[in-house]
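Everything below belongs to protein-v6.cif, which stores mmCIF, C-alpha atoms (C1' of nucleotides).
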data_start
#
loop_
_atom_site.label_atom_id
_atom_site.label_comp_id
_atom_site.auth_asym_id
_atom_site.auth_seq_id
_atom_site.Cartn_x
_atom_site.Cartn_y
_atom_site.Cartn_z
CA MET L 258 22.41 -35.40 -19.82
CA THR L 259 22.46 -32.11 -17.93
CA ARG L 260 21.33 -31.83 -14.35
CA LYS L 261 18.29 -29.71 -13.91
CA ARG L 262 19.40 -26.10 -13.62
CA SER L 263 18.49 -24.53 -10.34
CA LEU L 264 18.43 -20.99 -11.68
CA PRO L 265 16.41 -19.58 -14.58
CA THR L 266 18.10 -18.76 -17.87
CA ALA L 267 18.21 -15.18 -19.10
CA ASP L 268 15.29 -15.89 -21.41
CA GLU L 269 13.21 -17.42 -18.66
CA LEU L 270 13.93 -14.47 -16.43
CA ARG L 271 12.93 -12.08 -19.20
CA VAL L 272 9.59 -13.84 -19.60
CA TRP L 273 9.09 -13.71 -15.83
CA ARG L 274 9.71 -9.97 -15.75
CA GLU L 275 7.43 -9.34 -18.70
CA TYR L 276 4.74 -11.46 -17.14
CA ILE L 277 4.76 -9.79 -13.76
CA GLU L 278 5.26 -6.26 -15.03
CA THR L 279 2.53 -6.58 -17.63
CA ALA L 280 0.03 -7.88 -15.13
CA GLU L 281 0.90 -4.99 -12.86
CA ALA L 282 0.53 -2.46 -15.68
CA LEU L 283 -2.86 -3.92 -16.54
CA ARG L 284 -3.99 -3.75 -12.95
CA VAL L 285 -3.00 -0.11 -12.80
CA ALA L 286 -4.71 0.71 -16.10
CA ILE L 287 -7.96 -0.97 -15.12
CA SER L 288 -7.86 0.71 -11.71
CA ALA L 289 -7.41 4.09 -13.32
CA ARG L 290 -10.45 3.53 -15.54
CA LEU L 291 -12.52 2.43 -12.60
CA GLN L 292 -11.41 5.40 -10.57
CA SER L 293 -12.20 7.95 -13.25
CA ASP L 294 -15.50 6.33 -14.25
CA SER L 295 -16.90 5.89 -10.78
CA ALA L 296 -14.50 7.11 -8.07
CA LEU L 297 -14.19 3.54 -6.81
CA SER L 298 -10.98 1.65 -6.08
CA PRO L 299 -10.66 -2.02 -7.07
CA GLY L 300 -11.15 -2.88 -3.42
CA ASP L 301 -14.36 -0.87 -3.27
CA TYR L 302 -15.55 -2.61 -6.41
CA ALA L 303 -14.85 -6.08 -5.04
CA VAL L 304 -16.76 -5.34 -1.84
CA LEU L 305 -19.70 -3.77 -3.64
CA LEU L 306 -19.87 -6.62 -6.17
CA ALA L 307 -20.04 -9.20 -3.40
CA LEU L 308 -22.70 -7.24 -1.51
CA SER L 309 -24.73 -6.69 -4.68
CA GLU L 310 -24.87 -10.42 -5.28
CA ALA L 311 -25.62 -11.28 -1.64
CA GLU L 312 -29.04 -12.14 -0.24
CA GLY L 313 -30.65 -8.94 0.97
CA HIS L 314 -27.56 -6.98 -0.05
CA ARG L 315 -25.97 -7.85 3.27
CA MET L 316 -23.30 -10.23 4.46
CA ARG L 317 -21.47 -11.26 7.59
CA SER L 318 -18.07 -9.64 7.74
CA SER L 319 -16.17 -12.91 7.88
CA ASP L 320 -18.14 -14.43 5.01
CA LEU L 321 -17.48 -11.35 2.94
CA ALA L 322 -13.76 -11.56 3.68
CA ALA L 323 -13.68 -15.23 2.70
CA HIS L 324 -15.74 -14.57 -0.44
CA ILE L 325 -13.33 -11.99 -1.82
CA ASN L 326 -10.31 -13.72 -0.32
CA TRP L 327 -9.16 -10.94 2.00
CA GLN L 328 -7.73 -10.98 5.49
CA ARG L 329 -10.32 -9.92 8.03
CA SER L 330 -8.25 -7.01 9.23
CA ARG L 331 -7.85 -5.72 5.72
CA LEU L 332 -11.59 -5.85 5.23
CA SER L 333 -12.18 -4.15 8.56
CA HIS L 334 -9.95 -1.22 7.64
CA HIS L 335 -11.47 -0.97 4.18
CA LEU L 336 -15.02 -1.09 5.48
CA GLY L 337 -14.17 1.73 7.87
CA ARG L 338 -13.15 3.89 4.94
CA MET L 339 -16.16 2.85 2.86
CA GLU L 340 -18.49 3.53 5.76
CA ARG L 341 -17.11 7.04 6.14
CA ARG L 342 -17.93 7.61 2.49
CA GLY L 343 -21.44 6.27 2.93
CA LEU L 344 -21.01 3.33 0.55
CA ILE L 345 -21.84 0.66 3.10
CA GLY L 346 -23.23 0.40 6.62
CA ARG L 347 -22.53 -1.92 9.52
CA GLU L 348 -25.17 -3.46 11.75
CA ASP L 349 -25.08 -5.83 14.68
CA CYS L 350 -25.75 -9.46 13.89
CA VAL L 351 -28.94 -10.90 15.40
CA THR L 352 -27.75 -14.47 15.80
CA ASP L 353 -24.26 -13.71 17.14
CA SER L 354 -23.59 -10.59 19.16
CA ARG L 355 -19.93 -10.73 18.25
CA GLY L 356 -20.72 -10.58 14.57
CA ALA L 357 -21.19 -7.64 12.25
CA GLU L 358 -23.33 -7.48 9.17
CA VAL L 359 -22.19 -5.36 6.29
CA VAL L 360 -25.03 -3.76 4.34
CA LEU L 361 -24.95 -2.16 0.94
CA ALA L 362 -25.95 1.49 1.33
CA ALA L 363 -27.89 3.40 -1.32
CA ALA L 364 -24.85 5.41 -2.36
CA GLY L 365 -22.87 2.19 -2.65
CA ALA L 366 -25.46 0.52 -4.83
CA GLU L 367 -25.63 3.55 -7.04
CA ALA L 368 -21.85 3.84 -7.38
CA PHE L 369 -21.64 0.15 -8.22
CA GLN L 370 -24.33 0.50 -10.89
CA ARG L 371 -22.44 3.39 -12.39
CA ALA L 372 -19.17 1.44 -12.32
CA THR L 373 -20.05 -1.97 -13.65
CA VAL L 374 -20.59 -1.48 -17.37
CA PRO L 375 -17.60 0.83 -17.87
CA HIS L 376 -15.47 -1.58 -15.85
CA LEU L 377 -16.48 -4.57 -17.95
CA ARG L 378 -15.92 -2.53 -21.07
CA ALA L 379 -12.43 -1.67 -19.83
CA VAL L 380 -11.68 -5.35 -19.26
CA ARG L 381 -12.77 -6.05 -22.78
CA GLU L 382 -10.82 -3.21 -24.32
CA LEU L 383 -7.60 -3.58 -22.36
CA PHE L 384 -7.43 -7.35 -21.95
CA VAL L 385 -9.74 -9.36 -24.20
CA ASP L 386 -9.32 -7.20 -27.29
CA ALA L 387 -5.54 -7.32 -26.97
CA LEU L 388 -5.46 -11.08 -27.47
CA THR L 389 -6.35 -13.47 -30.24
CA PRO L 390 -8.74 -16.25 -29.21
CA GLU L 391 -5.76 -18.63 -29.15
CA GLN L 392 -3.82 -16.29 -26.90
CA LEU L 393 -6.80 -15.90 -24.60
CA GLY L 394 -7.00 -19.66 -24.27
CA ALA L 395 -3.28 -19.86 -23.66
CA ALA L 396 -3.52 -17.18 -20.99
CA GLY L 397 -6.15 -19.24 -19.22
CA GLU L 398 -4.03 -22.38 -19.39
CA VAL L 399 -0.95 -20.58 -18.12
CA ALA L 400 -2.89 -19.12 -15.21
CA ALA L 401 -4.34 -22.52 -14.35
CA ALA L 402 -0.93 -24.18 -14.45
CA LEU L 403 0.65 -21.49 -12.30
CA ARG L 404 -2.19 -21.49 -9.83
CA ALA L 405 -2.09 -25.25 -9.44
CA HIS L 406 1.65 -25.11 -8.89
CA VAL L 407 1.72 -22.20 -6.45
CA ILE L 408 -1.08 -23.55 -4.29
CA SER L 409 0.35 -27.03 -3.97
CA MET V 61 -22.55 -10.79 -39.05
CA THR V 62 -22.76 -9.78 -35.41
CA ARG V 63 -21.58 -6.43 -34.21
CA LYS V 64 -18.58 -6.53 -31.96
CA ARG V 65 -19.77 -7.08 -28.38
CA SER V 66 -18.88 -4.27 -26.05
CA LEU V 67 -18.78 -6.42 -22.93
CA PRO V 68 -16.77 -9.58 -22.24
CA THR V 69 -18.49 -12.94 -22.19
CA ALA V 70 -18.59 -14.97 -19.00
CA ASP V 71 -15.68 -17.07 -20.23
CA GLU V 72 -13.60 -14.07 -21.11
CA LEU V 73 -14.30 -12.58 -17.72
CA ARG V 74 -13.32 -15.82 -16.04
CA VAL V 75 -9.97 -15.82 -17.87
CA TRP V 76 -9.45 -12.20 -16.87
CA ARG V 77 -10.03 -12.98 -13.23
CA GLU V 78 -7.76 -16.01 -13.30
CA TYR V 79 -5.08 -14.01 -15.05
CA ILE V 80 -5.06 -11.11 -12.65
CA GLU V 81 -5.53 -13.16 -9.49
CA THR V 82 -2.83 -15.62 -10.42
CA ALA V 83 -0.33 -12.89 -11.16
CA GLU V 84 -1.15 -11.36 -7.79
CA ALA V 85 -0.80 -14.68 -5.99
CA LEU V 86 2.58 -15.23 -7.62
CA ARG V 87 3.75 -11.76 -6.67
CA VAL V 88 2.80 -12.45 -3.07
CA ALA V 89 4.47 -15.86 -3.04
CA ILE V 90 7.73 -14.55 -4.49
CA SER V 91 7.67 -11.62 -2.05
CA ALA V 92 7.24 -13.95 0.87
CA ARG V 93 10.23 -16.03 -0.21
CA LEU V 94 12.33 -12.92 -0.62
CA GLN V 95 11.25 -11.63 2.76
CA SER V 96 12.04 -14.83 4.62
CA ASP V 97 15.30 -15.46 2.78
CA SER V 98 16.74 -12.00 3.14
CA ALA V 99 14.39 -9.61 4.97
CA LEU V 100 14.08 -7.57 1.78
CA SER V 101 10.88 -6.38 0.13
CA PRO V 102 10.54 -6.51 -3.66
CA GLY V 103 11.05 -2.76 -3.67
CA ASP V 104 14.28 -3.11 -1.71
CA TYR V 105 15.44 -5.78 -4.13
CA ALA V 106 14.74 -3.65 -7.19
CA VAL V 107 16.68 -0.73 -5.73
CA LEU V 108 19.61 -2.87 -4.64
CA LEU V 109 19.73 -4.68 -7.99
CA ALA V 110 19.93 -1.39 -9.88
CA LEU V 111 22.62 -0.04 -7.55
CA SER V 112 24.61 -3.26 -7.74
CA GLU V 113 24.74 -3.00 -11.51
CA ALA V 114 25.53 0.73 -11.53
CA GLU V 115 28.96 2.27 -12.05
CA GLY V 116 30.60 2.67 -8.68
CA HIS V 117 27.50 1.28 -6.99
CA ARG V 118 25.96 4.75 -7.07
CA MET V 119 23.28 6.46 -9.11
CA ARG V 120 21.48 9.76 -9.38
CA SER V 121 18.09 9.57 -7.75
CA SER V 122 16.18 10.46 -10.91
CA ASP V 123 18.12 8.00 -13.03
CA LEU V 124 17.43 5.29 -10.52
CA ALA V 125 13.72 6.10 -10.53
CA ALA V 126 13.62 5.99 -14.32
CA HIS V 127 15.64 2.76 -14.39
CA ILE V 128 13.23 0.85 -12.20
CA ASN V 129 10.21 2.72 -13.52
CA TRP V 130 9.10 4.37 -10.26
CA GLN V 131 7.70 7.78 -9.50
CA ARG V 132 10.32 10.00 -7.92
CA SER V 133 8.28 10.52 -4.78
CA ARG V 134 7.85 6.80 -4.33
CA LEU V 135 11.59 6.34 -4.59
CA SER V 136 12.22 9.17 -2.18
CA HIS V 137 9.99 7.64 0.49
CA HIS V 138 11.47 4.20 -0.07
CA LEU V 139 15.05 5.46 0.08
CA GLY V 140 14.23 7.13 3.37
CA ARG V 141 13.18 3.81 4.81
CA MET V 142 16.17 1.98 3.30
CA GLU V 143 18.52 4.62 4.61
CA ARG V 144 17.15 4.21 8.12
CA ARG V 145 17.93 0.51 7.85
CA GLY V 146 21.45 1.22 6.63
CA LEU V 147 20.98 -0.42 3.22
CA ILE V 148 21.83 2.68 1.21
CA GLY V 149 23.25 6.14 1.76
CA ARG V 150 22.58 9.49 0.16
CA GLU V 151 25.25 11.99 -0.84
CA ASP V 152 25.19 15.38 -2.48
CA CYS V 153 25.86 15.45 -6.19
CA VAL V 154 29.05 17.22 -7.25
CA THR V 155 27.86 18.38 -10.66
CA ASP V 156 24.40 19.56 -9.60
CA SER V 157 23.76 20.84 -6.09
CA ARG V 158 20.07 20.01 -6.41
CA GLY V 159 20.82 16.39 -7.12
CA ALA V 160 21.28 13.46 -4.78
CA GLU V 161 23.37 10.41 -5.32
CA VAL V 162 22.20 7.13 -3.93
CA VAL V 163 25.03 4.85 -2.82
CA LEU V 164 24.93 1.17 -2.05
CA ALA V 165 25.93 0.69 1.59
CA ALA V 166 27.84 -2.34 2.83
CA ALA V 167 24.80 -3.79 4.57
CA GLY V 168 22.78 -3.31 1.37
CA ALA V 169 25.37 -5.08 -0.77
CA GLU V 170 25.50 -7.92 1.68
CA ALA V 171 21.73 -8.28 1.90
CA PHE V 172 21.49 -8.26 -1.88
CA GLN V 173 24.15 -10.96 -2.16
CA ARG V 174 22.24 -13.06 0.30
CA ALA V 175 18.97 -12.50 -1.57
CA THR V 176 19.83 -13.00 -5.19
CA VAL V 177 20.33 -16.75 -5.58
CA PRO V 178 17.33 -17.74 -3.44
CA HIS V 179 15.22 -15.19 -5.29
CA LEU V 180 16.18 -16.55 -8.70
CA ARG V 181 15.61 -20.06 -7.42
CA ALA V 182 12.13 -19.01 -6.28
CA VAL V 183 11.36 -17.61 -9.72
CA ARG V 184 12.42 -20.88 -11.23
CA GLU V 185 10.47 -23.01 -8.81
CA LEU V 186 7.26 -20.99 -8.67
CA PHE V 187 7.08 -19.73 -12.24
CA VAL V 188 9.34 -21.48 -14.74
CA ASP V 189 8.91 -24.97 -13.34
CA ALA V 190 5.13 -24.61 -13.35
CA LEU V 191 5.02 -24.23 -17.11
CA THR V 192 5.86 -26.40 -20.09
CA PRO V 193 8.24 -24.77 -22.58
CA GLU V 194 5.25 -24.14 -24.86
CA GLN V 195 3.34 -22.47 -22.04
CA LEU V 196 6.33 -20.35 -21.17
CA GLY V 197 6.53 -19.18 -24.77
CA ALA V 198 2.82 -18.50 -24.80
CA ALA V 199 3.09 -16.50 -21.57
CA GLY V 200 5.75 -14.35 -23.20
CA GLU V 201 3.59 -13.76 -26.26
CA VAL V 202 0.53 -12.92 -24.20
CA ALA V 203 2.52 -10.44 -22.14
CA ALA V 204 3.94 -8.84 -25.25
CA ALA V 205 0.51 -8.53 -26.87
CA LEU V 206 -1.02 -7.03 -23.73
CA ARG V 207 1.83 -4.65 -23.19
CA ALA V 208 1.71 -3.40 -26.77
CA HIS V 209 -2.03 -2.88 -26.47
CA VAL V 210 -2.04 -1.17 -23.08
CA ILE V 211 0.75 1.21 -23.91
CA SER V 212 -0.71 2.34 -27.22
"C1'" DA X 207 -22.55 -21.09 37.41
"C1'" DT X 208 -17.89 -20.46 36.25
"C1'" DC X 209 -13.89 -20.92 33.92
"C1'" DA X 210 -10.90 -21.94 30.05
"C1'" DT X 211 -10.67 -21.75 25.37
"C1'" DG X 212 -11.99 -20.49 20.70
"C1'" DT X 213 -13.98 -17.26 17.37
"C1'" DG X 214 -15.62 -12.64 15.15
"C1'" DA X 215 -14.14 -8.36 14.57
"C1'" DT X 216 -11.57 -4.21 15.45
"C1'" DT X 217 -7.46 -1.67 16.45
"C1'" DG X 218 -2.68 0.22 16.36
"C1'" DA X 219 1.74 0.35 14.47
"C1'" DC X 220 3.92 0.32 10.62
"C1'" DA X 221 5.28 -0.54 5.31
"C1'" DT X 222 4.06 0.81 0.95
"C1'" DG X 223 2.02 3.77 -2.75
"C1'" DT X 224 -0.15 8.11 -4.95
"C1'" DC X 225 -0.89 12.92 -5.60
"C1'" DA X 226 -0.18 17.66 -4.98
"C1'" DA X 227 2.61 21.14 -2.81
"C1'" DT X 228 6.96 22.76 -1.71
"C1'" DC X 229 11.71 24.03 -1.91
"C1'" DA X 230 16.25 24.71 -3.64
"C1'" DG X 231 19.13 25.32 -7.30
"C1'" DG X 232 20.12 25.59 -12.55
"C1'" DA X 233 19.55 28.09 -17.12
"C1'" DG X 234 18.40 31.57 -20.17
"C1'" DG X 235 16.79 36.37 -21.33
"C1'" DC X 236 17.23 41.01 -20.26
"C1'" DG W 152 22.97 41.19 -11.70
"C1'" DC W 153 18.13 39.87 -11.60
"C1'" DC W 154 13.98 37.81 -12.90
"C1'" DT W 155 11.38 33.98 -14.70
"C1'" DC W 156 10.84 29.45 -15.64
"C1'" DC W 157 12.32 24.63 -15.47
"C1'" DT W 158 14.05 20.69 -13.01
"C1'" DG W 159 15.68 17.45 -8.99
"C1'" DA W 160 14.21 16.00 -4.92
"C1'" DT W 161 11.65 15.94 -0.70
"C1'" DT W 162 7.57 16.35 2.04
"C1'" DG W 163 2.80 15.86 3.90
"C1'" DA W 164 -1.63 14.03 3.64
"C1'" DC W 165 -3.85 10.29 2.74
"C1'" DA W 166 -5.26 5.32 0.71
"C1'" DT W 167 -4.05 0.78 1.04
"C1'" DG W 168 -2.03 -3.51 3.07
"C1'" DT W 169 0.15 -6.67 6.78
"C1'" DC W 170 0.90 -8.40 11.32
"C1'" DA W 171 0.24 -8.83 16.09
"C1'" DA W 172 -2.52 -7.49 20.00
"C1'" DT W 173 -6.85 -6.77 21.86
"C1'" DC W 174 -11.70 -7.14 23.12
"C1'" DA W 175 -16.16 -9.04 23.44
"C1'" DC W 176 -18.82 -12.72 23.17
"C1'" DA W 177 -19.85 -17.87 22.36
"C1'" DT W 178 -19.15 -22.55 23.70
"C1'" DG W 179 -18.06 -26.54 26.12
"C1'" DA W 180 -16.25 -28.83 30.31
"C1'" DT W 181 -16.81 -29.31 35.01
#
What would you get if you wrote out this structure as structure tokens?
Amino acid sequence: MTRKRSLPTADELRVWREYIETAEALRVAISARLQSDSALSPGDYAVLLALSEAEGHRMRSSDLAAHINWQRSRLSHHLGRMERRGLIGREDCVTDSRGAEVVLAAAGAEAFQRATVPHLRAVRELFVDALTPEQLGAAGEVAAALRAHVIS
Amino acid sequence: MTRKRSLPTADELRVWREYIETAEALRVAISARLQSDSALSPGDYAVLLALSEAEGHRMRSSDLAAHINWQRSRLSHHLGRMERRGLIGREDCVTDSRGAEVVLAAAGAEAFQRATVPHLRAVRELFVDALTPEQLGAAGEVAAALRAHVIS
DNA sequence: ATCATGTGATTGACATGTCAATCAGGAGGC
DNA sequence: GCCTCCTGATTGACATGTCAATCACATGAT
């Protein structure tokens, strides 16, 4: 009957705003917990998590960037800051002189240890506990549908 | 029977990651559309939208910050950049010499006009069209539940 | 070997965001 | 008036993020 509308209705727009603002508020809240529990930013945590799970607690810079889905230049800047704080180190790569290996430093491993349980607890308290099991399932489905649509 | 777990299960964690990463990916995708359609950032758009809807296309700086839910310092920095680009202007406030009034400039009004329809179309295409009506409703409920829980 | 081309990583310039400090002007008590 | 305290707004220092340019080395063709 009616042609497909090209613009969202007021209700659809309201849901969009709630969706995006809520996700942002959650991100901020979880970041704040992480920061106060362990003095790590979400970026620090992502890097340290990847290194902790890596063979020998070390990884090629490019592989690390791909693993956490970052641009290389972003990683390079972030590693510079993390290196200054003693959380990670950088070494030359044996098999490719262009390459750099990122190594988990002792302080980094310790900070990550300190961060992980409180962080997971925060995810549970702020996200999982806010939703009924049905809502949690729905959230997963919505994310999957959106992801499939955005990527394609 | 079992005590409440303090940490999320692997499934719960997976949903969390999908949720937060998808929201981020959507934010980036919508930003990119906005940027290429109108050379405006999401921050620019929020400011221009508020000014466009304001009486006389002008607003007190603090009111504007409260309206779009920004810290005052963030707004101040952003207005500085927008002023340099000629999108807005700043005038002294008549009733309070401390205050500043932010005014929509001609270039800002024009850029906003150019941005709004493509932006709404992008929201429809990337968000609304990705979801069934049931999923859209569920997304709204999930956001409401999370928001209520995070705020409290 | 040398040269062109591609790849790994860093860098610089800039936009964006936070926090704490500052600064100017209002508001009330005296 | 004058002093103190509160409030509106800006600023500076820094963390974070993007993009384009750069630089060094690897790789393959000749």
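Using all atoms listed in the file, the shortest contact distance between Phe187 (chain V) and any of V:Ile90, V:Ala70, V:Leu100, V:Ala114 is found at V:Ile90.
Look at everything within 6 Å of (19.9, 19.7, -6.7) using all atoms listed in the file, and the residues you get are Asp156, Ser157, Arg158 and Gly159 of chain V; DG231 of chain X; DG159 of chain W.
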Problem - Close residues, region 375-382 of chain L itself excluded, 7 Å, all atoms listed in the file, min 4 positions apart in chain, as a VMD selection string - result: (chain L and resid 287 291 294 386) or (chain V and resid 66 to 68)
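Taken over the shown file, the PyMOL selection byres ((chain X) within 9 of (chain V)) identifies DT222, DG223, DT224, DA230, DG231 and DG232 of chain X.
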Practice task
Apply the PyMOL selection byres ((chain V) within 10 of (chain L)) to the file shown and report the selected residues as a ChimeraX atom specification.
Solution key: /V:65-69,71-87,89-90,177-211
Handout entry: Test item: chain W residues at most 12 Å from chain L, counting all atoms listed in the file, as a ChimeraX atom specification
Key = /W:165-171,174-177
Exercise for the section: Give as a PyMOL selection string the set of residues within 10 Å of the point (28.9, 3.3, -6.2), where distances use the file's coordinates and only C-alpha atoms (C1' of nucleotides). Expected result: chain V and resi 111-119+161-165
Can you write just those residues out, C-alpha atoms, as a compact mmCIF listing (two decimals), in the coordinates of the input?
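Written file, selection_14.txt:
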# COMPACT_ATOMS: atom_id res chain seq x y z
CA LEU V 111 22.62 -0.04 -7.55
CA SER V 112 24.61 -3.26 -7.74
CA GLU V 113 24.74 -3.00 -11.51
CA ALA V 114 25.53 0.73 -11.53
CA GLU V 115 28.96 2.27 -12.05
CA GLY V 116 30.60 2.67 -8.68
CA HIS V 117 27.50 1.28 -6.99
CA ARG V 118 25.96 4.75 -7.07
CA MET V 119 23.28 6.46 -9.11
CA GLU V 161 23.37 10.41 -5.32
CA VAL V 162 22.20 7.13 -3.93
CA VAL V 163 25.03 4.85 -2.82
CA LEU V 164 24.93 1.17 -2.05
CA ALA V 165 25.93 0.69 1.59
Problem - Atom pair CA of Leu306 (chain L) / CA of Arg371 (chain L): separation (Å) - result: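 Here the two named atoms are 12.1 Å from each other.
Shortest separation to DG214 (chain X) among L:Glu340, L:Pro299, L:Cys350, L:Leu305 occurs at residue L:Cys350, atoms counted being all atoms listed in the file.
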Exercise for the section: Within 12 Å of DC236 (chain X), counting all atoms listed in the file, which residues show up once you throw out same-chain ones fewer than 3 positions away? Write them as a PyMOL selection string, please. Expected result: chain W and resi 152-155
Suppose we keep C-alpha atoms (C1' of nucleotides); can you now write the selection as a short mmCIF file (atom, residue, chain, number, x, y, z; two decimals), in the coordinates of the input?
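The file below, out.cif, is the result:
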data_model
loop_
_atom_site.label_atom_id
_atom_site.label_comp_id
_atom_site.auth_asym_id
_atom_site.auth_seq_id
_atom_site.Cartn_x
_atom_site.Cartn_y
_atom_site.Cartn_z
"C1'" DG W 152 22.97 41.19 -11.70
"C1'" DC W 153 18.13 39.87 -11.60
"C1'" DC W 154 13.98 37.81 -12.90
"C1'" DT W 155 11.38 33.98 -14.70
#
Problem - Exercise: DT208 (chain X) partners within 12 Å, all atoms listed in the file, chain neighbours under 2 positions left out, as an NGL selection string - result: (:X and (210)) or (:W and (179-181))
Practice task
Using the chain letters and numbering of this document, enumerate as a PyMOL selection string the residues selected by the PyMOL selection byres ((chain V and resi 146) around 9).
Solution key: chain V and resi 141-145+147-149+165-168
Exercise for the section: May I ask for the distance between CA of Asp301 (chain L) and CA of Leu336 (chain L), given in Å to one decimal place? Expected result: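 Interatomic distance here is 8.8 Å.
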